[in-house]
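File shown here: work-v1.cif, holding mmCIF, C-alpha atoms.
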```cif
data_work
#
loop_
_atom_site.label_atom_id
_atom_site.label_comp_id
_atom_site.auth_asym_id
_atom_site.auth_seq_id
_atom_site.Cartn_x
_atom_site.Cartn_y
_atom_site.Cartn_z
CA MET C 1 15.43 -17.52 18.86
CA ILE C 2 16.98 -19.00 15.71
CA LYS C 3 16.34 -22.52 17.01
CA GLU C 4 12.67 -21.78 17.66
CA TRP C 5 12.39 -20.11 14.27
CA TYR C 6 13.97 -23.08 12.52
CA ASN C 7 11.76 -25.55 14.41
CA SER C 8 8.64 -23.65 13.28
CA TYR C 9 9.26 -25.02 9.77
CA ASN C 10 8.74 -28.60 11.02
CA VAL C 11 11.40 -29.96 8.67
CA THR C 12 11.54 -33.70 8.05
CA ASN C 13 14.39 -34.05 5.58
CA GLN C 14 17.55 -32.38 4.32
CA ASP C 15 15.83 -30.55 1.47
CA GLU C 16 13.29 -28.95 3.80
CA SER C 17 16.09 -28.08 6.22
CA LEU C 18 18.02 -26.29 3.48
CA LYS C 19 14.95 -24.28 2.48
CA ALA C 20 14.26 -23.28 6.07
CA LYS C 21 17.81 -22.13 6.73
CA ARG C 22 17.94 -20.20 3.44
CA GLU C 23 14.71 -18.39 4.26
CA ILE C 24 15.89 -17.48 7.76
CA ILE C 25 19.04 -15.95 6.26
CA GLN C 26 16.92 -14.05 3.72
CA TYR C 27 14.85 -12.51 6.51
CA ILE C 28 17.96 -11.56 8.49
CA THR C 29 19.48 -10.00 5.36
CA LEU C 30 16.42 -7.77 5.01
CA SER C 31 16.51 -6.81 8.68
CA GLY C 32 20.15 -5.80 8.32
CA LEU C 33 19.35 -3.62 5.31
CA SER C 34 16.47 -2.02 7.22
CA ARG C 35 19.01 -0.56 9.68
CA SER C 36 20.49 1.50 6.86
CA ASP C 37 19.07 3.97 4.32
CA PHE C 38 18.70 1.14 1.78
CA PHE C 39 14.90 1.13 1.65
CA SER C 40 14.77 4.87 1.10
CA LYS C 41 16.52 4.21 -2.20
CA ALA C 42 15.33 0.76 -3.20
CA SER C 43 12.25 -1.47 -3.18
CA TYR C 44 11.81 -5.19 -2.68
CA TYR C 45 10.20 -7.35 -5.36
CA GLY C 46 10.36 -10.84 -6.91
CA GLY C 47 9.38 -14.31 -5.74
CA THR C 48 10.93 -14.05 -2.29
CA ALA C 49 9.02 -10.81 -1.68
CA LEU C 50 5.78 -12.52 -2.70
CA ARG C 51 6.41 -15.35 -0.24
CA MET C 52 7.37 -13.13 2.70
CA LEU C 53 4.85 -10.35 2.20
CA TYR C 54 1.86 -12.09 0.61
CA GLY C 55 2.15 -15.76 1.54
CA LEU C 56 3.11 -17.20 -1.86
CA PRO C 57 3.18 -20.97 -1.09
CA ARG C 58 6.56 -21.73 -2.64
CA PHE C 59 10.13 -21.19 -1.57
CA SER C 60 12.41 -18.83 -3.45
CA GLU C 61 16.19 -18.76 -3.74
CA ASP C 62 17.16 -15.17 -4.57
CA ILE C 63 16.52 -11.69 -3.16
CA ASP C 64 15.60 -9.05 -5.75
CA PHE C 65 15.49 -5.28 -5.45
CA SER C 66 14.92 -2.31 -7.71
CA LEU C 67 16.16 1.21 -7.19
CA ASN C 68 13.37 3.76 -7.07
CA TYR C 69 15.27 5.86 -9.62
CA SER C 70 18.20 5.37 -11.97
CA ASP C 71 21.65 5.46 -10.34
CA PRO C 72 24.49 3.71 -12.20
CA ASN C 73 26.86 4.35 -9.28
CA PHE C 74 24.79 2.53 -6.68
CA SER C 75 26.59 -0.47 -5.19
CA LEU C 76 25.35 -3.30 -2.99
CA LYS C 77 28.85 -3.46 -1.53
CA ASP C 78 28.10 -0.29 0.46
CA TYR C 79 25.54 -2.30 2.45
CA PHE C 80 27.53 -5.48 3.11
CA THR C 81 28.52 -4.30 6.60
CA TYR C 82 24.88 -4.01 7.67
CA ILE C 83 24.11 -7.55 6.50
CA GLU C 84 27.27 -9.02 8.03
CA LYS C 85 26.67 -7.34 11.40
CA GLU C 86 23.05 -8.49 11.48
CA CYS C 87 24.00 -12.08 10.68
CA ASP C 88 26.78 -12.02 13.28
CA MET C 89 24.37 -10.67 15.90
CA HIS C 90 22.15 -13.70 15.27
CA GLY C 91 25.03 -16.16 15.40
CA LEU C 92 25.35 -16.69 11.65
CA ALA C 93 28.59 -16.56 9.68
CA VAL C 94 28.37 -15.35 6.08
CA ASP C 95 30.61 -14.13 3.29
CA LEU C 96 29.44 -11.49 0.81
CA SER C 97 30.92 -10.71 -2.58
CA VAL C 98 29.93 -8.78 -5.70
CA LYS C 99 29.76 -10.76 -8.90
CA ASP C 100 32.14 -9.48 -11.57
CA LYS C 101 30.39 -9.54 -14.93
CA VAL C 102 32.09 -10.01 -18.28
CA HIS C 103 29.46 -7.78 -19.84
CA PRO C 104 28.37 -5.16 -17.28
CA ASN C 105 24.70 -4.22 -17.29
CA ASP C 106 22.16 -2.37 -15.17
CA VAL C 107 21.64 -5.27 -12.77
CA GLU C 108 24.23 -5.64 -10.03
CA SER C 109 24.58 -9.09 -8.47
CA ALA C 110 26.08 -10.11 -5.16
CA PHE C 111 26.34 -13.50 -3.47
CA LEU C 112 25.87 -14.37 0.18
CA LYS C 113 27.53 -17.63 1.21
CA ASP C 114 26.56 -19.23 4.51
CA ASN C 115 29.41 -20.62 6.62
CA THR C 116 27.36 -21.17 9.76
CA GLU C 117 27.74 -24.30 11.89
CA TRP C 118 24.08 -25.19 12.24
CA ASN C 119 24.57 -27.38 15.31
CA ILE C 120 21.21 -26.29 16.73
CA ILE C 121 19.18 -28.24 14.22
CA SER C 122 17.42 -31.55 14.78
CA VAL C 123 17.64 -33.02 11.28
CA GLN C 124 20.73 -35.14 10.73
CA GLU C 125 22.51 -33.76 7.69
CA LYS C 126 25.40 -35.46 5.94
CA ASN C 127 27.18 -33.77 3.07
CA SER C 128 24.55 -31.05 3.13
CA ALA C 129 24.75 -28.55 0.28
CA SER C 130 26.03 -25.12 1.22
CA ILE C 131 23.64 -22.18 1.07
CA LYS C 132 24.36 -19.50 -1.49
CA ILE C 133 21.90 -16.66 -1.97
CA LYS C 134 22.02 -14.30 -4.92
CA ILE C 135 21.12 -10.67 -4.20
CA GLU C 136 20.32 -8.51 -7.22
CA ILE C 137 19.36 -4.89 -7.74
CA ASP C 138 18.25 -3.10 -10.90
CA ARG C 139 20.11 0.22 -11.01
CA ASN C 140 18.18 1.47 -14.04
CA PRO C 141 14.61 0.40 -13.36
CA PRO C 142 11.67 0.80 -15.73
CA LEU C 143 9.51 3.59 -14.36
CA PHE C 144 5.79 4.12 -13.81
CA PHE C 145 5.52 2.09 -10.62
CA GLU C 146 4.35 2.79 -7.08
CA THR C 147 5.70 1.48 -3.80
CA GLU C 148 4.45 1.05 -0.27
CA PRO C 149 5.85 0.13 3.16
CA LYS C 150 5.31 -3.40 4.49
CA LEU C 151 5.84 -4.70 8.00
CA ILE C 152 7.98 -7.80 8.64
CA LEU C 153 7.97 -9.34 12.13
CA ARG C 154 11.06 -11.58 12.08
CA PRO C 155 13.75 -11.53 13.38
CA PHE C 156 12.29 -8.33 14.85
CA SER C 157 9.65 -5.85 13.68
CA PHE C 158 10.79 -3.61 10.84
CA TYR C 159 9.45 -1.99 7.68
CA ILE C 160 10.70 -2.43 4.15
CA ASN C 161 9.70 -0.69 0.93
CA THR C 162 8.15 -2.82 -1.81
CA PHE C 163 6.30 -2.52 -5.11
CA LYS C 164 2.52 -2.42 -4.84
CA GLU C 165 0.88 -5.68 -5.89
CA SER C 166 -0.25 -4.69 -9.39
CA TYR C 167 3.30 -3.60 -10.26
CA LEU C 168 4.74 -6.79 -8.80
CA PHE C 169 2.36 -8.67 -11.11
CA ALA C 170 3.58 -6.61 -14.06
CA GLY C 171 7.17 -7.52 -13.22
CA LYS C 172 6.28 -11.20 -12.99
CA MET C 173 4.37 -11.08 -16.27
CA HIS C 174 7.44 -9.58 -17.94
CA ALA C 175 9.57 -12.45 -16.60
CA PHE C 176 6.93 -15.00 -17.62
CA LEU C 177 6.83 -13.71 -21.20
CA PHE C 178 10.39 -12.66 -21.90
CA ARG C 179 12.80 -14.35 -19.46
CA GLU C 180 15.51 -16.13 -21.44
CA TRP C 181 16.52 -19.32 -19.67
CA LYS C 182 18.30 -21.21 -22.45
CA THR C 183 16.47 -24.48 -23.19
CA ARG C 184 14.80 -24.74 -19.77
CA VAL C 185 11.47 -23.38 -18.63
CA LYS C 186 11.27 -21.48 -15.36
CA GLY C 187 8.19 -23.12 -13.91
CA ARG C 188 8.31 -20.73 -10.96
CA ASP C 189 7.14 -17.95 -13.28
CA TRP C 190 4.21 -20.10 -14.39
CA TYR C 191 3.36 -20.97 -10.78
CA ASP C 192 3.41 -17.31 -9.79
CA LEU C 193 1.21 -16.36 -12.73
CA GLU C 194 -1.35 -18.94 -11.63
CA TRP C 195 -1.13 -17.61 -8.05
CA TYR C 196 -1.73 -14.00 -9.14
CA VAL C 197 -4.77 -14.93 -11.24
CA LYS C 198 -6.29 -17.03 -8.46
CA ARG C 199 -5.64 -14.20 -6.03
CA GLY C 200 -7.44 -11.72 -8.29
CA THR C 201 -4.53 -9.27 -8.35
CA PRO C 202 -4.86 -6.72 -11.17
CA LEU C 203 -1.96 -6.27 -13.57
CA ASN C 204 -0.64 -2.77 -14.25
CA LEU C 205 -0.33 -2.53 -18.04
CA ARG C 206 1.59 0.76 -18.06
CA HIS C 207 4.45 -0.59 -15.99
CA LEU C 208 4.54 -3.83 -17.99
CA GLN C 209 4.74 -1.80 -21.20
CA GLU C 210 7.66 0.20 -19.79
CA ARG C 211 9.48 -2.99 -18.84
CA ALA C 212 8.92 -4.53 -22.26
CA ILE C 213 10.17 -1.39 -24.03
CA GLN C 214 13.28 -1.22 -21.86
CA SER C 215 14.12 -4.88 -22.55
CA ASN C 216 13.56 -4.36 -26.30
CA HIS C 217 10.62 -6.75 -26.44
CA LEU C 218 8.15 -4.04 -27.44
CA ASN C 219 8.45 -1.11 -29.82
CA LYS C 220 8.08 2.20 -27.99
CA ASP C 221 5.47 3.31 -30.53
CA ILE C 222 3.14 0.42 -29.65
CA ILE C 223 0.54 0.80 -26.90
CA LEU C 224 0.20 -2.39 -24.89
CA ASN C 225 -3.50 -3.07 -24.33
CA LYS C 226 -5.38 -6.09 -23.01
CA GLU C 227 -6.00 -7.55 -26.47
CA LEU C 228 -2.37 -7.35 -27.57
CA LEU C 229 -1.09 -8.74 -24.27
CA ASN C 230 -3.52 -11.65 -24.46
CA GLU C 231 -2.18 -12.51 -27.93
CA ILE C 232 1.41 -12.45 -26.61
CA ILE C 233 0.48 -14.65 -23.63
CA ILE C 234 -1.35 -17.19 -25.81
CA ASP C 235 1.64 -17.36 -28.15
CA LYS C 236 3.96 -17.96 -25.18
CA ILE C 237 1.79 -20.78 -23.85
CA SER C 238 1.50 -22.44 -27.25
CA LYS C 239 5.29 -22.59 -27.62
CA THR C 240 6.09 -23.87 -24.11
CA ASP C 241 6.55 -27.45 -22.94
CA ILE C 242 4.41 -27.52 -19.78
CA LYS C 243 6.18 -30.66 -18.56
CA MET C 244 9.44 -28.71 -18.44
CA ALA C 245 7.75 -26.06 -16.30
CA LEU C 246 6.54 -28.74 -13.90
CA ILE C 247 10.03 -30.20 -13.56
CA ASP C 248 11.38 -26.82 -12.46
CA ILE C 249 8.69 -25.92 -9.92
CA GLU C 250 8.26 -29.26 -8.14
CA ARG C 251 11.22 -28.82 -5.78
CA PHE C 252 9.94 -25.47 -4.53
CA ILE C 253 6.48 -26.58 -3.33
CA GLN C 254 5.17 -29.05 -0.79
CA ASN C 255 2.43 -30.74 -2.84
CA PRO C 256 3.43 -31.24 -6.51
CA SER C 257 0.17 -33.16 -7.04
CA ASP C 258 -1.64 -29.80 -6.82
CA LEU C 259 -0.23 -29.07 -10.27
CA ASN C 260 -1.77 -32.09 -12.00
CA ILE C 261 -4.22 -29.71 -13.65
CA TRP C 262 -1.44 -27.89 -15.51
CA SER C 263 -1.87 -27.99 -19.28
CA LYS C 264 -1.84 -25.57 -22.18
CA GLN C 265 -5.64 -25.30 -22.01
CA TYR C 266 -5.48 -24.53 -18.29
CA PHE C 267 -3.13 -21.61 -18.88
CA TYR C 268 -5.19 -20.40 -21.85
CA ASP C 269 -8.16 -20.23 -19.50
CA LEU C 270 -6.13 -18.49 -16.79
CA ALA C 271 -4.96 -15.88 -19.31
CA ASN C 272 -8.56 -14.98 -20.02
CA MET C 273 -9.18 -14.42 -16.30
CA ILE C 274 -6.43 -11.81 -15.77
CA LYS C 275 -7.66 -8.50 -14.36
CA TYR C 276 -6.07 -5.18 -15.36
CA GLU C 277 -5.61 -1.66 -14.11
#
```
What is this file in structure tokens?
Amino acid sequence: MIKEWYNSYNVTNQDESLKAKREIIQYITLSGLSRSDFFSKASYYGGTALRMLYGLPRFSEDIDFSLNYSDPNFSLKDYFTYIEKECDMHGLAVDLSVKDKVHPNDVESAFLKDNTEWNIISVQEKNSASIKIKIEIDRNPPLFFETEPKLILRPFSFYINTFKESYLFAGKMHAFLFREWKTRVKGRDWYDLEWYVKRGTPLNLRHLQERAIQSNHLNKDIILNKELLNEIIIDKISKTDIKMALIDIERFIQNPSDLNIWSKQYFYDLANMIKYE
């Protein structure tokens, strides 16, 4: 089954092979969690969720979750056994560990390291990079969001809980506007923004406001409306080096030439096309 699954990606080089294997492990991780009570407590969101659930045409490295309510005592470690058993059942060998943080915060991070001997694959790989997947969960999530069940068909049929689309868009907009990534630009956020606008997904302003207040990017006395958000977006675009965004996103998509249209003016125009709810 894993061999057929891998071959469905039609990989032609080592980079594509790495992406395919990572995504297979991501799916199996979710299926393992679905055998527990995890999705009664938490919801799936982020770039990997967009790809798996809505067909976002780019690969994603991490797996992101949010608790449905605040619980500072929640630990991903309690669910390692489910992931390990699921991977073992599918012939994969992985190690899981929780990241110890110098400055603890509401987001707990764990790492899944792949130790599998992928001798079933057809692409010849020499000195291939190891696969390491970060799994994160927000234990003190911003509120005012809604979730829904979604069906995933691989490696078997199972349901997971995820944010509804408009709240996923709000989370992505928060990352687009306020993510601090040192001197680099996370082009994946810009790509996802473009994808949401082209898809016509409405953005939930109330949830975005809650996220911005919690991250101290918006005063709690200010009401975030369409006009104010548009000003913030325009300011973000004006201060960003679009070339840096392109450098980041190119390795995650199949046709970088599709992004030749990217420019400040292009994103100004996209900003004016955002729908709200």
**Request:** Find the spatial neighbours of range 78-89 of chain C, counting only C-alpha atoms, within a cut-off of 12 Å - ignore same-chain residues fewer than 4 positions away - and output them as a ChimeraX atom specification.
**Result:** /C:1-2,24-39,73-74,93-98,110-116,135,155-156
**Asked** Hey, can you check how far CA of Ile131 in chain C sits from CA of Leu18 in chain C?
**Response** 7.4 Å
**Computed interatomic separation between CA of Ser17 in chain C and CA of Lys172 in chain C (Å)** =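 Interatomic distance, CA of Ser17 in chain C to CA of Lys172 in chain C: 27.4 Å.
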**Picked residues, the PyMOL selection byres ((chain C and resi 68) around 9), as a ChimeraX atom specification** = /C:40-43,66-67,69-70,139-141,143,145,147
**Item:** Closest of C:Thr240, C:Gln214, C:Thr12, C:Ser166 to Val197 in chain C - atom-to-atom distances counting only C-alpha atoms
**Value:**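 Among the listed residues, the smallest separation from Val197 in chain C belongs to C:Ser166.
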**Message:** From (6.4, -29.8, 2.5), in the file's coordinates, out to 10 Å: which residues are reached, counting only C-alpha atoms? Answer as a ChimeraX atom specification.
**Reply:** /C:9-13,15-16,58,251-256
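Interatomic distance, CA of Lys226 in chain C to CA of Arg188 in chain C: 23.4 Å.
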**Prompt:** Applied to this file, what does the PyMOL selection byres ((chain C and resi 60) around 9) return in terms of residues, put as a count of residues only?
**Reply:** 15
Hey, could you make a per-residue contact list for range 163-222 of chain C against range 257-266 of chain C with 12 Å as the cut-off, showing the nearest pair of atoms and its distance in Å to one decimal, counting all atoms listed in the file, sorted by chain and number, as a Markdown table?
```
| residue | atom | partner | partner_atom | distance |
| --- | --- | --- | --- | --- |
| C:Gly187 | CA | C:Trp262 | CA | 10.9 |
| C:Arg188 | CA | C:Leu259 | CA | 12.0 |
| C:Trp190 | CA | C:Trp262 | CA | 9.7 |
| C:Tyr191 | CA | C:Leu259 | CA | 8.9 |
| C:Leu193 | CA | C:Tyr266 | CA | 11.9 |
| C:Glu194 | CA | C:Tyr266 | CA | 9.6 |
| C:Trp195 | CA | C:Leu259 | CA | 11.7 |
| C:Val197 | CA | C:Tyr266 | CA | 11.9 |
```
**Prompt:** Which one of C:Leu151, C:Met52, C:Val185, C:Ile242 sits closest to Phe267 in chain C if you count all atoms listed in the file?
**Reply:**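 Among the listed residues, C:Ile242 lies closest to Phe267 in chain C.
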**Nearest-residue call for Lys186 in chain C, choices C:Lys243, C:Lys134, C:Lys164, C:Arg154, using only C-alpha atoms** = C:Lys243
**Prompt:** Could you pull the residues within 12 Å of Asn230 in chain C, counting only C-alpha atoms, minus those fewer than 3 positions along the same chain, as a PyMOL selection string?
**Reply:** chain C and resi 173+177+205+224-227+233-237+267-276
**Residues matched by the PyMOL selection byres ((chain C and resi 171) around 8) as number ranges by chain** = C: 46, 167-170, 172-175, 207-208, 211
Restricting it to C-alpha atoms, dump the selection as a short mmCIF file (atom, residue, chain, number, x, y, z; two decimals), in the coordinates of the input.
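This is the output file selection30.cif:
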```cif
data_model
loop_
_atom_site.label_atom_id
_atom_site.label_comp_id
_atom_site.auth_asym_id
_atom_site.auth_seq_id
_atom_site.Cartn_x
_atom_site.Cartn_y
_atom_site.Cartn_z
CA GLY C 46 10.36 -10.84 -6.91
CA TYR C 167 3.30 -3.60 -10.26
CA LEU C 168 4.74 -6.79 -8.80
CA PHE C 169 2.36 -8.67 -11.11
CA ALA C 170 3.58 -6.61 -14.06
CA LYS C 172 6.28 -11.20 -12.99
CA MET C 173 4.37 -11.08 -16.27
CA HIS C 174 7.44 -9.58 -17.94
CA ALA C 175 9.57 -12.45 -16.60
CA HIS C 207 4.45 -0.59 -15.99
CA LEU C 208 4.54 -3.83 -17.99
CA ARG C 211 9.48 -2.99 -18.84
#
```
Please complete range 103-120 of chain C so it has N, CA and C atoms, and hand it over as an mmCIF file, in the frame of the given file.
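After the write, selection-v1.cif holds the following:
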```
data_model
loop_
_atom_site.group_PDB
_atom_site.id
_atom_site.type_symbol
_atom_site.label_atom_id
_atom_site.label_comp_id
_atom_site.auth_asym_id
_atom_site.auth_seq_id
_atom_site.Cartn_x
_atom_site.Cartn_y
_atom_site.Cartn_z
ATOM 1 N N HIS C 103 30.177 -8.842 -19.126
ATOM 2 C CA HIS C 103 29.460 -7.780 -19.840
ATOM 3 C C HIS C 103 28.604 -7.017 -18.844
ATOM 4 N N PRO C 104 29.102 -5.936 -18.287
ATOM 5 C CA PRO C 104 28.370 -5.160 -17.280
ATOM 6 C C PRO C 104 27.008 -4.694 -17.802
ATOM 7 N N ASN C 105 26.028 -4.716 -16.930
ATOM 8 C CA ASN C 105 24.700 -4.220 -17.290
ATOM 9 C C ASN C 105 24.088 -3.486 -16.105
ATOM 10 N N ASP C 106 22.811 -3.186 -16.201
ATOM 11 C CA ASP C 106 22.160 -2.370 -15.170
ATOM 12 C C ASP C 106 21.878 -3.141 -13.891
ATOM 13 N N VAL C 107 21.942 -4.462 -13.950
ATOM 14 C CA VAL C 107 21.640 -5.270 -12.770
ATOM 15 C C VAL C 107 22.946 -5.664 -12.071
ATOM 16 N N GLU C 108 23.058 -5.256 -10.819
ATOM 17 C CA GLU C 108 24.230 -5.640 -10.030
ATOM 18 C C GLU C 108 23.889 -6.881 -9.211
ATOM 19 N N SER C 109 24.809 -7.840 -9.194
ATOM 20 C CA SER C 109 24.580 -9.090 -8.470
ATOM 21 C C SER C 109 25.631 -9.285 -7.390
ATOM 22 N N ALA C 110 25.181 -9.758 -6.255
ATOM 23 C CA ALA C 110 26.080 -10.110 -5.160
ATOM 24 C C ALA C 110 25.688 -11.499 -4.677
ATOM 25 N N PHE C 111 26.617 -12.166 -3.994
ATOM 26 C CA PHE C 111 26.340 -13.500 -3.470
ATOM 27 C C PHE C 111 26.621 -13.548 -1.978
ATOM 28 N N LEU C 112 25.706 -14.129 -1.245
ATOM 29 C CA LEU C 112 25.870 -14.370 0.180
ATOM 30 C C LEU C 112 26.084 -15.868 0.370
ATOM 31 N N LYS C 113 27.219 -16.226 0.947
ATOM 32 C CA LYS C 113 27.530 -17.630 1.210
ATOM 33 C C LYS C 113 27.472 -17.883 2.704
ATOM 34 N N ASP C 114 26.731 -18.902 3.094
ATOM 35 C CA ASP C 114 26.560 -19.230 4.510
ATOM 36 C C ASP C 114 27.670 -20.163 4.967
ATOM 37 N N ASN C 115 28.370 -19.776 6.030
ATOM 38 C CA ASN C 115 29.410 -20.620 6.620
ATOM 39 C C ASN C 115 29.067 -21.009 8.052
ATOM 40 N N THR C 116 27.801 -20.933 8.390
ATOM 41 C CA THR C 116 27.360 -21.170 9.760
ATOM 42 C C THR C 116 27.417 -22.655 10.120
ATOM 43 N N GLU C 117 27.830 -22.939 11.354
ATOM 44 C CA GLU C 117 27.740 -24.300 11.890
ATOM 45 C C GLU C 117 26.354 -24.446 12.511
ATOM 46 N N TRP C 118 25.465 -25.080 11.785
ATOM 47 C CA TRP C 118 24.080 -25.190 12.240
ATOM 48 C C TRP C 118 23.925 -26.360 13.212
ATOM 49 N N ASN C 119 24.627 -26.274 14.354
ATOM 50 C CA ASN C 119 24.570 -27.380 15.310
ATOM 51 C C ASN C 119 23.324 -27.344 16.187
ATOM 52 N N ILE C 120 22.437 -26.371 15.938
ATOM 53 C CA ILE C 120 21.210 -26.290 16.730
ATOM 54 C C ILE C 120 20.074 -27.122 16.129
#
```
